[in-house]
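Novice: So here's my_file05.json, just JSON, C-alpha atoms:
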[["chain", "number", "residue", "atom", "x", "y", "z"],
["A", 1, "MET", "CA", 2.15, -29.37, -17.98],
["A", 2, "THR", "CA", 1.26, -27.00, -15.15],
["A", 3, "GLY", "CA", 4.06, -28.48, -13.07],
["A", 4, "SER", "CA", 6.65, -27.74, -15.71],
["A", 5, "THR", "CA", 5.25, -24.24, -16.16],
["A", 6, "GLU", "CA", 5.52, -23.69, -12.41],
["A", 7, "GLU", "CA", 9.11, -24.85, -12.42],
["A", 8, "ARG", "CA", 9.96, -22.71, -15.42],
["A", 9, "LEU", "CA", 8.22, -19.71, -13.85],
["A", 10, "ARG", "CA", 10.20, -20.18, -10.65],
["A", 11, "ASP", "CA", 13.49, -20.39, -12.55],
["A", 12, "THR", "CA", 12.63, -17.38, -14.67],
["A", 13, "LEU", "CA", 11.65, -15.25, -11.69],
["A", 14, "ASP", "CA", 14.83, -16.26, -9.86],
["A", 15, "LEU", "CA", 16.91, -15.36, -12.91],
["A", 16, "LEU", "CA", 15.14, -12.04, -13.33],
["A", 17, "ALA", "CA", 15.56, -11.24, -9.65],
["A", 18, "THR", "CA", 19.29, -11.92, -9.72],
["A", 19, "GLN", "CA", 19.70, -9.45, -12.57],
["A", 20, "ILE", "CA", 18.16, -6.62, -10.58],
["A", 21, "GLU", "CA", 20.79, -4.54, -8.84],
["A", 22, "ALA", "CA", 19.40, -3.78, -5.42],
["A", 23, "VAL", "CA", 21.81, -2.02, -3.13],
["A", 24, "PRO", "CA", 20.07, -0.41, -0.16],
["A", 25, "PRO", "CA", 20.70, 3.33, 0.09],
["A", 26, "ALA", "CA", 22.17, 4.82, 3.24],
["A", 27, "TYR", "CA", 19.79, 4.54, 6.16],
["A", 28, "ALA", "CA", 20.46, 7.94, 7.74],
["A", 29, "PRO", "CA", 19.34, 10.09, 4.77],
["A", 30, "ALA", "CA", 16.31, 7.84, 4.27],
["A", 31, "ARG", "CA", 15.33, 8.26, 7.92],
["A", 32, "ALA", "CA", 15.84, 12.03, 7.65],
["A", 33, "THR", "CA", 13.44, 12.05, 4.71],
["A", 34, "TRP", "CA", 10.85, 10.07, 6.66],
["A", 35, "ARG", "CA", 11.12, 12.46, 9.61],
["A", 36, "ARG", "CA", 10.82, 15.51, 7.37],
["A", 37, "ARG", "CA", 7.73, 14.06, 5.67],
["A", 38, "GLU", "CA", 6.18, 13.16, 8.99],
["A", 39, "ARG", "CA", 6.77, 16.67, 10.38],
["A", 40, "ARG", "CA", 5.25, 18.21, 7.26],
["A", 41, "ARG", "CA", 2.26, 15.86, 7.43],
["A", 42, "ARG", "CA", 1.60, 16.75, 11.08],
["A", 43, "LEU", "CA", 1.99, 20.47, 10.38],
["A", 44, "ILE", "CA", -0.48, 20.31, 7.48],
["A", 45, "LEU", "CA", -2.91, 18.32, 9.63],
["A", 46, "ALA", "CA", -2.67, 20.85, 12.49],
["A", 47, "VAL", "CA", -3.18, 23.79, 10.13],
["A", 48, "LEU", "CA", -6.15, 22.04, 8.52],
["A", 49, "ILE", "CA", -7.77, 21.36, 11.90],
["A", 50, "ALA", "CA", -7.18, 24.97, 13.00],
["A", 51, "VAL", "CA", -8.68, 26.33, 9.78],
["A", 52, "VAL", "CA", -11.76, 24.10, 10.02],
["A", 53, "PHE", "CA", -12.23, 24.98, 13.70],
["A", 54, "THR", "CA", -11.90, 28.70, 13.00],
["A", 55, "VAL", "CA", -14.32, 28.60, 10.06],
["A", 56, "VAL", "CA", -16.90, 26.66, 12.08],
["A", 57, "ASP", "CA", -16.51, 29.16, 14.95],
["A", 58, "ILE", "CA", -16.98, 32.12, 12.64],
["A", 59, "VAL", "CA", -20.05, 30.57, 10.98],
["A", 60, "GLY", "CA", -21.58, 29.78, 14.39],
["A", 61, "LEU", "CA", -20.96, 33.30, 15.71],
["A", 62, "TRP", "CA", -22.38, 34.81, 12.53],
["A", 63, "ALA", "CA", -25.51, 32.64, 12.79],
["A", 64, "LEU", "CA", -26.00, 33.60, 16.44],
["A", 65, "ASN", "CA", -25.52, 37.25, 15.56],
["A", 66, "GLN", "CA", -28.26, 37.02, 12.92],
["A", 67, "ALA", "CA", -30.86, 35.72, 15.42],
["A", 68, "GLN", "CA", -33.51, 38.22, 16.61],
["A", 69, "ASP", "CA", -33.53, 39.22, 20.27],
["A", 70, "GLY", "CA", -37.30, 38.90, 20.77],
["A", 71, "THR", "CA", -37.76, 35.40, 19.39],
["A", 72, "HIS", "CA", -37.62, 32.70, 22.01],
["A", 73, "VAL", "CA", -37.65, 29.30, 20.53],
["A", 74, "ILE", "CA", -37.57, 27.06, 23.59],
["A", 75, "PHE", "CA", -39.20, 29.03, 26.44],
["A", 76, "ASP", "CA", -41.95, 31.11, 24.89],
["A", 77, "ASP", "CA", -44.77, 32.36, 27.18],
["A", 78, "ARG", "CA", -46.88, 33.73, 24.32],
["A", 79, "ASN", "CA", -49.61, 31.78, 22.51],
["A", 80, "ARG", "CA", -49.81, 31.34, 18.76],
["A", 81, "THR", "CA", -51.41, 34.77, 18.26],
["A", 82, "GLY", "CA", -48.63, 36.51, 20.08],
["A", 83, "GLN", "CA", -50.67, 37.27, 23.24],
["A", 84, "TYR", "CA", -49.14, 36.73, 26.64],
["A", 85, "VAL", "CA", -50.80, 33.82, 28.48],
["A", 86, "PRO", "CA", -50.34, 33.84, 32.26],
["A", 87, "ALA", "CA", -49.77, 30.52, 33.95],
["A", 88, "PRO", "CA", -52.92, 29.03, 35.61],
["A", 89, "PRO", "CA", -53.05, 29.50, 39.39],
["A", 90, "SER", "CA", -53.36, 25.79, 40.00],
["A", 91, "GLY", "CA", -50.26, 25.12, 37.99],
["A", 92, "ILE", "CA", -52.25, 22.86, 35.65],
["A", 93, "GLY", "CA", -53.20, 24.25, 32.30],
["A", 94, "PRO", "CA", -53.86, 23.26, 28.72],
["A", 95, "PRO", "CA", -50.84, 21.91, 26.88],
["B", 1, "MET", "CA", 14.37, -22.72, -2.10],
["B", 2, "THR", "CA", 16.51, -19.61, -2.51],
["B", 3, "PRO", "CA", 18.23, -17.95, 0.46],
["B", 4, "PHE", "CA", 15.76, -15.09, 0.31],
["B", 5, "THR", "CA", 12.83, -17.49, 0.34],
["B", 6, "ALA", "CA", 14.16, -19.09, 3.46],
["B", 7, "ARG", "CA", 14.64, -15.72, 5.10],
["B", 8, "ALA", "CA", 11.14, -14.59, 4.14],
["B", 9, "HIS", "CA", 9.70, -17.71, 5.74],
["B", 10, "ALA", "CA", 11.72, -17.20, 8.87],
["B", 11, "VAL", "CA", 10.71, -13.61, 9.40],
["B", 12, "SER", "CA", 7.05, -13.71, 8.37],
["B", 13, "SER", "CA", 6.09, -16.83, 10.28],
["B", 14, "PRO", "CA", 3.01, -16.58, 12.55],
["B", 15, "VAL", "CA", 2.60, -13.15, 14.05],
["B", 16, "PRO", "CA", 2.27, -12.83, 17.85],
["B", 17, "ALA", "CA", -0.49, -10.66, 19.23],
["B", 18, "GLN", "CA", 1.85, -8.88, 21.63],
["B", 19, "ARG", "CA", 4.60, -6.46, 20.73],
["B", 20, "THR", "CA", 7.92, -8.18, 21.25],
["B", 21, "GLU", "CA", 10.04, -5.02, 21.44],
["B", 22, "PRO", "CA", 9.44, -1.75, 23.25],
["B", 23, "PRO", "CA", 8.49, 1.16, 20.96],
["B", 24, "ASP", "CA", 11.77, 2.95, 21.75],
["B", 25, "ASP", "CA", 13.61, 0.34, 19.75],
["B", 26, "ARG", "CA", 11.84, 1.47, 16.60],
["B", 27, "GLU", "CA", 14.94, 3.07, 15.10],
["B", 28, "ALA", "CA", 17.09, 0.00, 15.58],
["B", 29, "ALA", "CA", 14.43, -2.36, 14.27],
["B", 30, "LEU", "CA", 13.75, -0.13, 11.26],
["B", 31, "ALA", "CA", 17.45, 0.13, 10.47],
["B", 32, "GLN", "CA", 17.76, -3.64, 10.64],
["B", 33, "LEU", "CA", 14.70, -4.14, 8.43],
["B", 34, "PHE", "CA", 15.99, -1.56, 5.99],
["B", 35, "GLN", "CA", 19.37, -3.20, 5.58],
["B", 36, "ALA", "CA", 18.06, -6.75, 5.51],
["B", 37, "HIS", "CA", 14.99, -6.52, 3.30],
["B", 38, "TYR", "CA", 15.41, -3.50, 1.04],
["B", 39, "PRO", "CA", 16.92, -5.51, -1.86],
["B", 40, "ALA", "CA", 14.27, -8.22, -1.70],
["B", 41, "LEU", "CA", 11.44, -5.69, -1.61],
["B", 42, "LEU", "CA", 12.97, -3.80, -4.53],
["B", 43, "ARG", "CA", 13.13, -7.03, -6.53],
["B", 44, "LEU", "CA", 9.56, -7.84, -5.56],
["B", 45, "ALA", "CA", 8.38, -4.45, -6.86],
["B", 46, "VAL", "CA", 10.26, -4.94, -10.13],
["B", 47, "LEU", "CA", 8.92, -8.46, -10.62],
["B", 48, "LEU", "CA", 5.41, -7.16, -10.00],
["B", 49, "GLY", "CA", 5.93, -4.75, -12.88],
["B", 50, "ALA", "CA", 6.68, -1.46, -11.14],
["B", 51, "ASP", "CA", 8.60, 1.07, -13.22],
["B", 52, "ASP", "CA", 9.62, 3.13, -10.18],
["B", 53, "ALA", "CA", 10.47, 0.39, -7.73],
["B", 54, "GLU", "CA", 12.82, 2.56, -5.62],
["B", 55, "ASP", "CA", 10.07, 5.10, -4.95],
["B", 56, "ILE", "CA", 7.61, 2.36, -4.08],
["B", 57, "VAL", "CA", 9.95, 0.69, -1.62],
["B", 58, "ALA", "CA", 10.89, 4.04, -0.07],
["B", 59, "GLU", "CA", 7.21, 4.84, 0.36],
["B", 60, "ALA", "CA", 6.61, 1.43, 1.93],
["B", 61, "TYR", "CA", 9.33, 2.06, 4.52],
["B", 62, "TYR", "CA", 7.92, 5.52, 5.24],
["B", 63, "GLN", "CA", 4.47, 4.01, 5.82],
["B", 64, "LEU", "CA", 6.06, 1.48, 8.18],
["B", 65, "TYR", "CA", 7.88, 4.30, 10.01],
["B", 66, "ARG", "CA", 4.58, 6.19, 10.39],
["B", 67, "ARG", "CA", 2.53, 3.24, 11.63],
["B", 68, "TRP", "CA", 5.15, 1.46, 13.68],
["B", 69, "ARG", "CA", 3.18, 1.85, 16.91],
["B", 70, "LYS", "CA", 0.10, 0.25, 15.37],
["B", 71, "LEU", "CA", 2.08, -2.82, 14.31],
["B", 72, "ARG", "CA", 1.24, -6.08, 16.05],
["B", 73, "GLY", "CA", 4.91, -6.88, 16.52],
["B", 74, "THR", "CA", 8.28, -6.62, 14.86],
["B", 75, "GLU", "CA", 7.59, -9.91, 13.10],
["B", 76, "ALA", "CA", 4.62, -8.31, 11.37],
["B", 77, "ALA", "CA", 6.78, -5.59, 9.83],
["B", 78, "LEU", "CA", 7.98, -7.60, 6.84],
["B", 79, "ALA", "CA", 4.48, -8.79, 6.01],
["B", 80, "TYR", "CA", 3.29, -5.19, 6.26],
["B", 81, "LEU", "CA", 6.07, -3.99, 3.95],
["B", 82, "ARG", "CA", 5.22, -6.67, 1.38],
["B", 83, "SER", "CA", 1.57, -5.70, 1.55],
["B", 84, "VAL", "CA", 2.35, -2.01, 1.00],
["B", 85, "VAL", "CA", 4.67, -2.80, -1.91],
["B", 86, "CYS", "CA", 1.95, -4.94, -3.55],
["B", 87, "ASN", "CA", -0.70, -2.27, -3.08],
["B", 88, "LEU", "CA", 1.47, 0.60, -4.26],
["B", 89, "THR", "CA", 2.64, -1.35, -7.31],
["B", 90, "ARG", "CA", -0.96, -2.19, -8.21],
["B", 91, "MET", "CA", -1.96, 1.47, -7.82],
["B", 92, "ARG", "CA", 1.00, 2.57, -9.91],
["B", 93, "LEU", "CA", 0.14, 0.12, -12.70],
["B", 94, "ARG", "CA", -3.47, 1.28, -12.72],
["B", 95, "HIS", "CA", -2.31, 4.89, -12.86],
["B", 96, "LEU", "CA", -0.03, 4.08, -15.80],
["B", 97, "GLN", "CA", -2.89, 2.32, -17.59],
["B", 98, "VAL", "CA", -5.03, 5.44, -17.27],
["B", 99, "VAL", "CA", -2.15, 7.68, -18.37],
["B", 100, "ARG", "CA", -1.46, 5.49, -21.38],
["B", 101, "LYS", "CA", -5.11, 5.48, -22.32],
["B", 102, "HIS", "CA", -5.19, 9.28, -22.37],
["B", 103, "ALA", "CA", -1.67, 10.16, -23.51],
["B", 104, "GLY", "CA", -0.88, 7.36, -25.94],
["B", 105, "PRO", "CA", 2.03, 4.96, -25.82],
["B", 106, "ARG", "CA", 4.75, 7.33, -27.06],
["B", 107, "GLU", "CA", 6.26, 8.33, -23.71],
["B", 108, "TYR", "CA", 5.65, 5.50, -21.26],
["B", 109, "GLY", "CA", 5.89, 2.75, -23.86],
["B", 110, "VAL", "CA", 9.45, 3.61, -24.83],
["B", 111, "ARG", "CA", 10.64, 3.84, -21.24],
["B", 112, "SER", "CA", 9.17, 0.53, -20.16],
["B", 113, "ALA", "CA", 10.43, -1.17, -23.31],
["B", 114, "GLU", "CA", 13.99, 0.01, -22.62],
["B", 115, "SER", "CA", 13.96, -1.13, -19.00],
["B", 116, "SER", "CA", 12.43, -4.51, -19.82],
["B", 117, "ALA", "CA", 14.94, -5.05, -22.64],
["B", 118, "GLU", "CA", 17.81, -4.55, -20.21],
["B", 119, "THR", "CA", 16.30, -6.85, -17.65],
["B", 120, "GLU", "CA", 15.40, -9.60, -20.08],
["B", 121, "ALA", "CA", 18.64, -9.58, -22.06],
["B", 122, "LEU", "CA", 19.93, -12.78, -20.49],
["B", 123, "LEU", "CA", 16.68, -14.73, -20.70],
["B", 124, "GLN", "CA", 16.08, -17.56, -23.12],
["B", 125, "ASP", "CA", 13.26, -17.38, -25.66],
["B", 126, "ASP", "CA", 10.81, -19.45, -23.66],
["B", 127, "GLN", "CA", 11.63, -17.53, -20.49],
["B", 128, "ARG", "CA", 11.09, -14.28, -22.34],
["B", 129, "ALA", "CA", 7.73, -15.55, -23.55],
["B", 130, "LEU", "CA", 6.84, -16.55, -20.02],
["B", 131, "VAL", "CA", 7.74, -13.09, -18.70],
["B", 132, "SER", "CA", 5.68, -11.52, -21.45],
["B", 133, "ALA", "CA", 2.71, -13.74, -20.59],
["B", 134, "LEU", "CA", 3.18, -12.88, -16.92],
["B", 135, "LYS", "CA", 3.07, -9.16, -17.73],
["B", 136, "ASP", "CA", -0.18, -9.65, -19.64],
["B", 137, "LEU", "CA", -1.90, -11.19, -16.61],
["B", 138, "PRO", "CA", -4.18, -9.10, -14.42],
["B", 139, "ALA", "CA", -2.31, -7.48, -11.53],
["B", 140, "ARG", "CA", -3.84, -9.71, -8.85],
["B", 141, "GLN", "CA", -2.93, -12.92, -10.66],
["B", 142, "ARG", "CA", 0.61, -11.71, -11.27],
["B", 143, "GLU", "CA", 1.00, -10.77, -7.60],
["B", 144, "ALA", "CA", -0.27, -14.15, -6.43],
["B", 145, "LEU", "CA", 2.10, -16.00, -8.77],
["B", 146, "VAL", "CA", 5.15, -13.93, -7.87],
["B", 147, "LEU", "CA", 4.49, -14.20, -4.13],
["B", 148, "ARG", "CA", 3.87, -17.92, -4.43],
["B", 149, "HIS", "CA", 6.62, -18.98, -6.81],
["B", 150, "TRP", "CA", 9.34, -16.44, -6.18],
["B", 151, "LEU", "CA", 8.99, -15.67, -2.50],
["B", 152, "GLY", "CA", 7.61, -19.13, -1.74],
["B", 153, "LEU", "CA", 4.96, -17.75, 0.60],
["B", 154, "ARG", "CA", 2.11, -19.84, 1.96],
["B", 155, "GLU", "CA", -1.48, -19.09, 0.98],
["B", 156, "ALA", "CA", -2.24, -17.38, 4.28],
["B", 157, "GLU", "CA", 0.81, -15.14, 3.91],
["B", 158, "ILE", "CA", -0.11, -14.28, 0.33],
["B", 159, "ALA", "CA", -3.66, -13.52, 1.45],
["B", 160, "GLU", "CA", -2.31, -11.18, 4.13],
["B", 161, "ALA", "CA", 0.03, -9.45, 1.71],
["B", 162, "MET", "CA", -2.68, -8.97, -0.90],
["B", 163, "GLY", "CA", -5.47, -8.21, 1.54],
["B", 164, "ILE", "CA", -7.76, -10.95, 0.20],
["B", 165, "SER", "CA", -9.04, -14.33, 1.38],
["B", 166, "CYS", "CA", -7.20, -17.64, 1.01],
["B", 167, "GLY", "CA", -9.87, -18.81, -1.43],
["B", 168, "ALA", "CA", -9.26, -15.78, -3.61],
["B", 169, "VAL", "CA", -5.52, -16.50, -3.51],
["B", 170, "LYS", "CA", -6.15, -20.05, -4.75],
["B", 171, "SER", "CA", -8.40, -18.72, -7.49],
["B", 172, "HIS", "CA", -5.90, -16.09, -8.66],
["B", 173, "THR", "CA", -3.00, -18.54, -8.55],
["B", 174, "SER", "CA", -4.76, -21.28, -10.50],
["B", 175, "ARG", "CA", -6.18, -18.87, -13.09],
["B", 176, "GLY", "CA", -2.84, -17.18, -13.54],
["B", 177, "MET", "CA", -1.01, -20.47, -13.89],
["B", 178, "ALA", "CA", -3.62, -21.75, -16.35],
["B", 179, "ALA", "CA", -3.18, -18.61, -18.44],
["B", 180, "LEU", "CA", 0.61, -19.00, -18.42],
["B", 181, "THR", "CA", 0.36, -22.67, -19.39],
["B", 182, "ARG", "CA", -2.03, -21.80, -22.21],
["B", 183, "ALA", "CA", 0.29, -19.06, -23.46],
["B", 184, "MET", "CA", 3.27, -21.42, -23.45],
["B", 185, "GLU", "CA", 1.31, -24.13, -25.27],
["B", 186, "GLU", "CA", 0.14, -21.69, -27.94],
["B", 187, "ARG", "CA", 3.73, -20.64, -28.48],
["B", 188, "ARG", "CA", 4.77, -24.19, -29.42]]
Could you render the structure as structure tokens?
Specialist:
Amino acid sequence: MTGSTEERLRDTLDLLATQIEAVPPAYAPARATWRRRERRRRLILAVLIAVVFTVVDIVGLWALNQAQDGTHVIFDDRNRTGQYVPAPPSGIGPP
Amino acid sequence: MTPFTARAHAVSSPVPAQRTEPPDDREAALAQLFQAHYPALLRLAVLLGADDAEDIVAEAYYQLYRRWRKLRGTEAALAYLRSVVCNLTRMRLRHLQVVRKHAGPREYGVRSAESSAETEALLQDDQRALVSALKDLPARQREALVLRHWLGLREAEIAEAMGISCGAVKSHTSRGMAALTRAMEERR
């Protein structure tokens, strides 16, 4: 039964396919459309990248501008109480 | 085997790893592909149930134009086009299902009924029933059956076109065929 269904399906699909009018459109206008779409896609991508880059730059500059001058995060010579601690003469000191 | 089936076999046979044409020949190769395979791809989209087959095929060629440099070779182009047509048709059908669910059948139902009536005018009763049963199948099963029985593709080629494994192709094909057989038996 499956075999006959397969055969009938094949015939039906062939018949359906032959009824479909499929004339390819002219290639040149189609290619012009592809090129136009590709140019637009690249332009949008470039604008998007520029916008993201600019926004990130602005946010970074704003954050740096908000930082206080006196606060040193990495190289800080003061102890926890804010007092200046000179380096030991031997060069070895408490961590 | 139909002439198109033979051509599809000839062009989509095993894909070489190396590009066989320099990239500068893209325009000529695309023009040749466009003239040779546009009708067959349009028919494939219609048989898969697309209501806007021209748009789908045009989009498939645009995607090929965009990604030509990433293609494994010119021989892979037809398989890629088939794959894009299958995917876009499936996406379109899902979109229409959602639209119908929210908007009701008044707009899209009439349009699809008119187009299918024109297409199926010359079919016999049992063929019409078969087409109706084919339309009721899930999209994956319908794709597998059309690629297998209309294009005459091998399982590996169907798997590549649908983006699934060979085992899944077998499963979809056998389930789809079983559903069609059941529908035809119930009709008697």
Novice: Figure out the distance between CA of Arg175 in chain B and CA of Arg10 in chain A, please, to one decimal in Å.
Specialist: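 Separation between CA of Arg10 in chain A and CA of Arg175 in chain B: 16.6 Å.
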Novice: Which residues are near Leu13 in chain A? Cut-off 9 Å, only C-alpha atoms, ignore same chain within fewer than 2 positions. Put them as a VMD selection string.
Specialist: (chain A and resid 8 to 11 15 to 18) or (chain B and resid 47 131 146 149 to 150)
Novice: Would you list which chain A residues are within 10 Å of chain B using only C-alpha atoms, as a ChimeraX atom specification?
Specialist: /A:1-28,30-31,33-35,37-38
Novice: When you draw a straight line from CA of Ile158 in chain B to CA of Leu93 in chain B, how long is it in Å?
Specialist: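 CA of Leu93 in chain B lies 19.4 Å from CA of Ile158 in chain B.
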Novice: Could you tell me which of B:Val98, B:Ala29, B:Ala60, B:Ala103 comes closest to Arg82 in chain B if we count all atoms listed in the file?
Specialist: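 Closest to Arg82 in chain B, using all atoms listed in the file: B:Ala60.
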Novice: Using CA of Lys135 in chain B and CA of Ser171 in chain B as the two end points, give the distance in Å to one decimal.
Specialist: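 Rounded to one decimal, the two atoms are 18.1 Å apart.
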